[in-house]
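> Handing over protein11.pdb, PDB, C-alpha atoms.
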ATOM      1  CA  MET A 821     -29.513  72.755 -12.871
ATOM      2  CA  ALA A 822     -28.790  72.446 -16.535
ATOM      3  CA  GLN A 823     -28.962  76.199 -16.954
ATOM      4  CA  GLN A 824     -26.237  76.761 -14.386
ATOM      5  CA  LYS A 825     -23.771  74.837 -16.456
ATOM      6  CA  GLN A 826     -21.518  76.866 -18.699
ATOM      7  CA  TYR A 827     -21.794  74.496 -21.585
ATOM      8  CA  TYR A 828     -24.319  71.905 -22.469
ATOM      9  CA  ARG A 829     -23.156  68.344 -22.785
ATOM     10  CA  ARG A 830     -24.585  66.889 -25.924
ATOM     11  CA  LYS A 831     -26.717  63.827 -25.453
ATOM     12  CA  LYS A 832     -24.913  60.864 -26.962
ATOM     13  CA  VAL A 833     -26.805  58.455 -29.169
ATOM     14  CA  CYS A 834     -25.843  55.030 -30.355
ATOM     15  CA  LYS A 835     -24.413  55.306 -33.861
ATOM     16  CA  PHE A 836     -25.632  51.842 -34.802
ATOM     17  CA  CYS A 837     -29.207  52.509 -33.674
ATOM     18  CA  VAL A 838     -29.406  55.849 -35.434
ATOM     19  CA  GLU A 839     -27.928  54.649 -38.694
ATOM     20  CA  ARG A 840     -29.752  51.315 -38.438
ATOM     21  CA  ILE A 841     -26.630  49.228 -38.818
ATOM     22  CA  ASP A 842     -27.720  45.738 -37.763
ATOM     23  CA  ALA A 843     -24.696  43.701 -38.654
ATOM     24  CA  ILE A 844     -21.360  44.740 -37.261
ATOM     25  CA  ASN A 845     -18.925  42.821 -39.409
ATOM     26  CA  TYR A 846     -15.326  42.167 -38.446
ATOM     27  CA  LYS A 847     -14.215  42.895 -42.016
ATOM     28  CA  ASP A 848     -15.501  46.455 -41.944
ATOM     29  CA  VAL A 849     -12.286  48.058 -40.754
ATOM     30  CA  LYS A 850     -13.419  51.570 -41.567
ATOM     31  CA  LEU A 851     -16.402  51.277 -39.268
ATOM     32  CA  LEU A 852     -14.588  49.477 -36.478
ATOM     33  CA  SER A 853     -11.615  51.806 -36.426
ATOM     34  CA  GLN A 854     -13.908  54.623 -35.368
ATOM     35  CA  PHE A 855     -14.215  52.823 -32.047
ATOM     36  CA  VAL A 856     -10.555  52.050 -31.615
ATOM     37  CA  PRO A 857      -8.649  55.099 -30.417
ATOM     38  CA  GLU A 858      -4.895  55.557 -30.705
ATOM     39  CA  ARG A 859      -3.873  53.172 -27.984
ATOM     40  CA  ALA A 860      -5.821  50.490 -29.859
ATOM     41  CA  LYS A 861      -8.129  49.872 -26.931
ATOM     42  CA  ILE A 862     -11.843  49.395 -27.445
ATOM     43  CA  MET A 863     -13.640  52.656 -26.794
ATOM     44  CA  PRO A 864     -15.840  52.450 -23.690
ATOM     45  CA  ARG A 865     -19.563  52.962 -23.927
ATOM     46  CA  ARG A 866     -19.526  55.999 -21.713
ATOM     47  CA  ILE A 867     -17.476  57.833 -24.313
ATOM     48  CA  SER A 868     -18.902  56.548 -27.578
ATOM     49  CA  GLY A 869     -22.519  56.379 -26.400
ATOM     50  CA  VAL A 870     -23.119  53.017 -28.069
ATOM     51  CA  CYS A 871     -25.993  51.035 -26.551
ATOM     52  CA  SER A 872     -25.140  47.816 -24.754
ATOM     53  CA  PRO A 873     -26.359  45.259 -27.347
ATOM     54  CA  HIS A 874     -24.408  47.044 -30.034
ATOM     55  CA  GLN A 875     -21.348  47.493 -27.838
ATOM     56  CA  ARG A 876     -21.342  43.759 -27.285
ATOM     57  CA  GLN A 877     -21.466  43.069 -31.019
ATOM     58  CA  LEU A 878     -18.863  45.720 -31.652
ATOM     59  CA  THR A 879     -16.512  44.231 -29.086
ATOM     60  CA  ASN A 880     -16.813  40.799 -30.654
ATOM     61  CA  ALA A 881     -16.215  42.207 -34.124
ATOM     62  CA  ILE A 882     -13.137  44.142 -33.001
ATOM     63  CA  LYS A 883     -11.703  41.070 -31.328
ATOM     64  CA  LYS A 884     -12.187  39.027 -34.474
ATOM     65  CA  ALA A 885     -10.607  41.740 -36.584
ATOM     66  CA  ARG A 886      -7.621  41.816 -34.229
ATOM     67  CA  ASN A 887      -7.131  38.111 -34.642
ATOM     68  CA  ILE A 888      -6.729  38.379 -38.386
ATOM     69  CA  ALA A 889      -4.503  41.468 -38.194
ATOM     70  CA  LEU A 890      -7.054  43.932 -39.512
ATOM     71  CA  LEU A 891      -6.839  45.887 -36.272
ATOM     72  CA  PRO A 892      -3.953  46.145 -33.810
ATOM     73  CA  PHE A 893      -3.905  44.645 -30.326
ATOM     74  CA  THR A 894      -1.606  47.403 -29.161
ATOM     75  CA  SER A 895       0.082  50.353 -30.723
ATOM     76  CA  GLU A 896       3.796  50.362 -30.053
TER
ATOM     77  CA  MET B1147     -24.512  22.074 -42.587
ATOM     78  CA  ARG B1148     -23.374  25.358 -41.210
ATOM     79  CA  ASN B1149     -22.074  28.473 -42.826
ATOM     80  CA  TYR B1150     -18.557  29.570 -42.175
ATOM     81  CA  GLU B1151     -16.207  32.243 -43.311
ATOM     82  CA  ILE B1152     -12.598  31.227 -43.435
ATOM     83  CA  MET B1153     -10.140  34.029 -43.874
ATOM     84  CA  PHE B1154      -6.423  33.506 -44.122
ATOM     85  CA  ILE B1155      -3.320  35.524 -44.789
ATOM     86  CA  VAL B1156      -0.698  34.308 -47.236
ATOM     87  CA  ASN B1157       2.930  35.371 -47.168
ATOM     88  CA  PRO B1158       3.171  38.553 -49.290
ATOM     89  CA  ASN B1159       6.095  37.177 -51.305
ATOM     90  CA  THR B1160       4.259  34.166 -52.677
ATOM     91  CA  PRO B1161       3.458  34.539 -56.377
ATOM     92  CA  GLU B1162      -0.099  34.736 -57.628
ATOM     93  CA  GLU B1163      -0.117  31.173 -59.040
ATOM     94  CA  GLU B1164       0.991  29.793 -55.700
ATOM     95  CA  VAL B1165      -1.961  31.469 -53.991
ATOM     96  CA  ASP B1166      -4.305  30.033 -56.600
ATOM     97  CA  LYS B1167      -2.818  26.629 -55.960
ATOM     98  CA  ILE B1168      -3.505  26.925 -52.242
ATOM     99  CA  ASN B1169      -7.031  28.071 -53.002
ATOM    100  CA  SER B1170      -7.777  25.142 -55.271
ATOM    101  CA  GLN B1171      -6.309  22.779 -52.710
ATOM    102  CA  ILE B1172      -8.599  24.129 -49.999
ATOM    103  CA  GLU B1173     -11.476  24.090 -52.445
ATOM    104  CA  GLY B1174     -10.800  20.418 -53.085
ATOM    105  CA  VAL B1175     -10.877  19.621 -49.388
ATOM    106  CA  ILE B1176     -14.220  21.317 -48.975
ATOM    107  CA  THR B1177     -16.009  19.937 -52.034
ATOM    108  CA  SER B1178     -14.713  16.389 -51.593
ATOM    109  CA  GLY B1179     -16.019  16.399 -48.019
ATOM    110  CA  GLY B1180     -19.496  17.355 -49.215
ATOM    111  CA  GLY B1181     -19.324  21.075 -48.502
ATOM    112  CA  GLN B1182     -20.361  23.885 -50.778
ATOM    113  CA  ILE B1183     -18.374  26.923 -51.683
ATOM    114  CA  GLN B1184     -20.344  30.120 -51.922
ATOM    115  CA  LYS B1185     -17.537  32.517 -52.556
ATOM    116  CA  ILE B1186     -13.793  32.718 -52.887
ATOM    117  CA  GLU B1187     -12.486  36.214 -52.672
ATOM    118  CA  LYS B1188      -8.924  37.301 -53.020
ATOM    119  CA  MET B1189      -8.862  40.539 -51.119
ATOM    120  CA  GLY B1190      -5.390  41.429 -52.304
ATOM    121  CA  LYS B1191      -2.436  42.775 -50.436
ATOM    122  CA  ARG B1192      -3.063  44.660 -47.246
ATOM    123  CA  ARG B1193      -0.943  46.104 -44.505
ATOM    124  CA  LEU B1194      -1.108  44.024 -41.361
ATOM    125  CA  ALA B1195      -2.048  45.790 -38.163
ATOM    126  CA  TYR B1196       0.848  44.085 -36.406
ATOM    127  CA  GLU B1197       3.834  42.033 -37.425
ATOM    128  CA  ILE B1198       3.337  38.320 -37.989
ATOM    129  CA  GLU B1199       6.488  36.276 -38.493
ATOM    130  CA  ARG B1200       8.338  39.450 -39.457
ATOM    131  CA  HIS B1201       5.820  40.346 -42.156
ATOM    132  CA  ARG B1202       4.204  43.743 -42.329
ATOM    133  CA  GLU B1203       1.986  42.915 -45.300
ATOM    134  CA  GLY B1204      -0.101  39.981 -46.329
ATOM    135  CA  GLN B1205      -2.373  38.698 -49.055
ATOM    136  CA  TYR B1206      -5.848  38.117 -47.723
ATOM    137  CA  VAL B1207      -8.108  35.369 -49.010
ATOM    138  CA  LEU B1208     -11.704  34.835 -47.929
ATOM    139  CA  PHE B1209     -13.720  31.642 -48.307
ATOM    140  CA  VAL B1210     -17.450  31.641 -47.672
ATOM    141  CA  ILE B1211     -18.606  28.056 -47.342
ATOM    142  CA  ALA B1212     -21.372  25.785 -46.143
ATOM    143  CA  ALA B1213     -19.885  22.755 -44.460
ATOM    144  CA  ASN B1214     -19.810  20.719 -41.287
ATOM    145  CA  GLY B1215     -17.313  20.833 -38.476
ATOM    146  CA  GLU B1216     -15.328  17.933 -39.812
ATOM    147  CA  ILE B1217     -14.474  19.768 -43.006
ATOM    148  CA  VAL B1218     -13.597  22.930 -41.169
ATOM    149  CA  ARG B1219     -11.252  21.000 -38.925
ATOM    150  CA  GLU B1220      -9.538  19.495 -41.962
ATOM    151  CA  VAL B1221      -9.236  22.881 -43.682
ATOM    152  CA  GLU B1222      -7.741  24.419 -40.561
ATOM    153  CA  ARG B1223      -5.269  21.565 -40.295
ATOM    154  CA  ARG B1224      -4.216  22.128 -43.903
ATOM    155  CA  LEU B1225      -3.820  25.845 -43.338
ATOM    156  CA  ARG B1226      -1.631  25.187 -40.317
ATOM    157  CA  VAL B1227       0.574  22.871 -42.301
ATOM    158  CA  LEU B1228       1.037  25.212 -45.271
ATOM    159  CA  ASP B1229       4.104  27.369 -44.759
ATOM    160  CA  ALA B1230       2.857  30.185 -46.958
ATOM    161  CA  VAL B1231      -0.197  30.747 -44.766
ATOM    162  CA  ILE B1232       0.767  32.941 -41.847
ATOM    163  CA  LYS B1233      -2.592  33.303 -40.130
ATOM    164  CA  TYR B1234      -6.174  32.133 -40.451
ATOM    165  CA  LEU B1235      -9.539  32.778 -38.837
ATOM    166  CA  THR B1236     -12.772  30.817 -39.056
ATOM    167  CA  VAL B1237     -16.040  32.468 -38.189
ATOM    168  CA  ARG B1238     -19.429  30.804 -38.061
ATOM    169  CA  THR B1239     -22.030  33.011 -39.711
ATOM    170  CA  ASP B1240     -25.346  31.143 -39.908
ATOM    171  CA  GLU B1241     -26.523  32.057 -36.420
ATOM    172  CA  GLU B1242     -25.807  35.691 -37.060
ATOM    173  CA  THR B1243     -27.653  35.750 -40.389
ATOM    174  CA  ARG B1244     -30.623  33.989 -38.790
ATOM    175  CA  ARG B1245     -30.727  36.619 -36.076
ATOM    176  CA  LEU B1246     -30.587  39.396 -38.661
ATOM    177  CA  GLU B1247     -33.394  37.879 -40.688
ATOM    178  CA  LYS B1248     -35.530  37.590 -37.602
ATOM    179  CA  MET B1249     -34.931  41.220 -36.813
ATOM    180  CA  LYS B1250     -35.711  42.233 -40.353
ATOM    181  CA  SER B1251     -39.009  40.376 -40.438
ATOM    182  CA  PHE B1252     -39.918  41.771 -37.037
ATOM    183  CA  ARG B1253     -39.269  45.256 -38.261
ATOM    184  CA  GLN B1254     -41.342  44.683 -41.381
ATOM    185  CA  LYS B1255     -44.206  43.270 -39.363
ATOM    186  CA  ARG B1256     -44.143  46.235 -37.069
ATOM    187  CA  ALA B1257     -44.038  48.601 -40.002
ATOM    188  CA  ALA B1258     -47.050  46.865 -41.542
ATOM    189  CA  ARG B1259     -49.004  47.054 -38.296
ATOM    190  CA  ARG B1260     -48.334  50.693 -37.764
ATOM    191  CA  GLY B1261     -48.931  51.553 -41.382
ATOM    192  CA  SER B1262     -48.135  55.122 -42.252
ATOM    193  CA  SER B1263     -47.297  56.061 -38.681
ATOM    194  CA  THR B1264     -43.975  54.216 -38.892
ATOM    195  CA  ARG B1265     -42.413  57.134 -40.549
ATOM    196  CA  THR B1266     -42.845  59.301 -37.500
ATOM    197  CA  ALA B1267     -41.630  56.482 -35.285
ATOM    198  CA  VAL B1268     -38.460  56.176 -37.298
ATOM    199  CA  ALA B1269     -37.844  59.873 -37.057
ATOM    200  CA  GLU B1270     -38.309  59.892 -33.301
ATOM    201  CA  LEU B1271     -34.729  59.322 -32.315
ATOM    202  CA  PRO B1272     -33.010  62.093 -34.234
ATOM    203  CA  GLU B1273     -35.775  64.474 -33.233
ATOM    204  CA  GLN B1274     -35.160  63.799 -29.599
ATOM    205  CA  ALA B1275     -31.510  64.416 -30.071
ATOM    206  CA  LEU B1276     -32.249  67.714 -31.713
ATOM    207  CA  GLU B1277     -34.463  68.897 -28.892
ATOM    208  CA  GLU B1278     -31.861  68.129 -26.327
ATOM    209  CA  ASP B1279     -29.267  69.941 -28.314
ATOM    210  CA  MET B1280     -31.039  73.197 -27.744
TER
END
Would you put the structure from the file into structure tokens?

Amino acid sequence: MAQQKQYYRRKKVCKFCVERIDAINYKDVKLLSQFVPERAKIMPRRISGVCSPHQRQLTNAIKKARNIALLPFTSE
Amino acid sequence: MRNYEIMFIVNPNTPEEEVDKINSQIEGVITSGGGQIQKIEKMGKRRLAYEIERHREGQYVLFVIAANGEIVREVERRLRVLDAVIKYLTVRTDEETRRLEKMKSFRQKRAARRGSSTRTAVAELPEQALEEDM
């Protein structure tokens, strides 16, 4: 089956598991902004490949960061 | 006693001394209530991600404290009253640090049990990814 495909879809791995990032802090804008695409929505797991415990932490961190204006709620 | 982080944004046009005054005022509230201050950090001027009261910039200040809920409530009330403060956020951190410590000790214990074989276990994930790449 896989051989019939023209291209091979790369297996996604959770960035936080691979890099062993335990604490996802709301102050780390650089890290969080990787998971906030242009429309300022939170990137879904199926695209980023983040595992569910980390996605949960990430979501909480992004929401905190939004509250203190480190990240946008919307983009114009 | 619980650990909290209180972050607030001060109007970008307030002079430095004014910010210090606010900080010492908040500091007074915390210490007089029996709380401890672990850190006060002025994070400087930053662009806001969205407009707050017509401001596009703000001066960020971060307090890391150990206190009880009563003190936090008082600090938040003060911050609300101060006109120069345009936004604030309080986050409780002790539960999170406890969880992290637990994870750390668990990892160490596992590493000790496995001895030298941990190294291969750590390398497992990237290896898998590599295989599937091909």
> Give the answer as one residue: which of B:Ile1186, B:Leu1194, B:Val1175, B:Val1156 has the shortest atom-to-atom distance to Val849 in chain A, using all atoms listed in the file?
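Distance minimum relative to Val849 in chain A lands on B:Leu1194.
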> Can you pull out every residue within 7 Å of range 1176-1184 of chain B, counting only C-alpha atoms, but drop anything in the same chain fewer than 6 positions away, and send it as a list in words?
Val1210, Ile1211, Ala1212, Ala1213 and Ile1217 of chain B
> With only C-alpha atoms as the atoms that count, which of A:Asn845, A:Pro864, A:Glu896, A:Leu891 lies nearest to chain B?
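Of A:Asn845, A:Pro864, A:Glu896, A:Leu891, the one nearest chain B is A:Leu891, counting only C-alpha atoms.
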> Could you tell me which residues the PyMOL selection byres ((chain B and resi 1207) around 6) grabs in this file, written as a list in words?
Met1153, Phe1154, Glu1187, Lys1188, Met1189, Tyr1206 and Leu1208 of chain B
> For each of A:Lys835, A:His874, A:Asp842, A:Ile867, take the minimum atom-to-atom distance to chain B, counting only C-alpha atoms, then give the residue where this is smallest.
A:Asp842
> Can you pull out the residues contacting Arg886 in chain A? Cut-off 10 Å, using all atoms listed in the file, and skip same-chain residues under 5 positions away; I want them as a VMD selection string.
(chain A and resid 846 860 880 to 881 891 to 894) or (chain B and resid 1194 to 1196)
> Please enumerate the residues selected by the PyMOL selection byres ((chain A and resi 873) around 12) when evaluated against the supplied file, formatted as a PDB file with C-alpha atoms, keeping the file's coordinate frame.

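Output saved as expr-v3.pdb:
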ATOM      1  CA  CYS A 834     -25.843  55.030 -30.355  1.00  0.00           C
ATOM      2  CA  PHE A 836     -25.632  51.842 -34.802  1.00  0.00           C
ATOM      3  CA  CYS A 837     -29.207  52.509 -33.674  1.00  0.00           C
ATOM      4  CA  ASP A 842     -27.720  45.738 -37.763  1.00  0.00           C
ATOM      5  CA  ALA A 843     -24.696  43.701 -38.654  1.00  0.00           C
ATOM      6  CA  ILE A 844     -21.360  44.740 -37.261  1.00  0.00           C
ATOM      7  CA  ARG A 865     -19.563  52.962 -23.927  1.00  0.00           C
ATOM      8  CA  GLY A 869     -22.519  56.379 -26.400  1.00  0.00           C
ATOM      9  CA  VAL A 870     -23.119  53.017 -28.069  1.00  0.00           C
ATOM     10  CA  CYS A 871     -25.993  51.035 -26.551  1.00  0.00           C
ATOM     11  CA  SER A 872     -25.140  47.816 -24.754  1.00  0.00           C
ATOM     12  CA  HIS A 874     -24.408  47.044 -30.034  1.00  0.00           C
ATOM     13  CA  GLN A 875     -21.348  47.493 -27.838  1.00  0.00           C
ATOM     14  CA  ARG A 876     -21.342  43.759 -27.285  1.00  0.00           C
ATOM     15  CA  GLN A 877     -21.466  43.069 -31.019  1.00  0.00           C
ATOM     16  CA  LEU A 878     -18.863  45.720 -31.652  1.00  0.00           C
ATOM     17  CA  THR A 879     -16.512  44.231 -29.086  1.00  0.00           C
ATOM     18  CA  ASN A 880     -16.813  40.799 -30.654  1.00  0.00           C
TER      19      ASN A 880
END
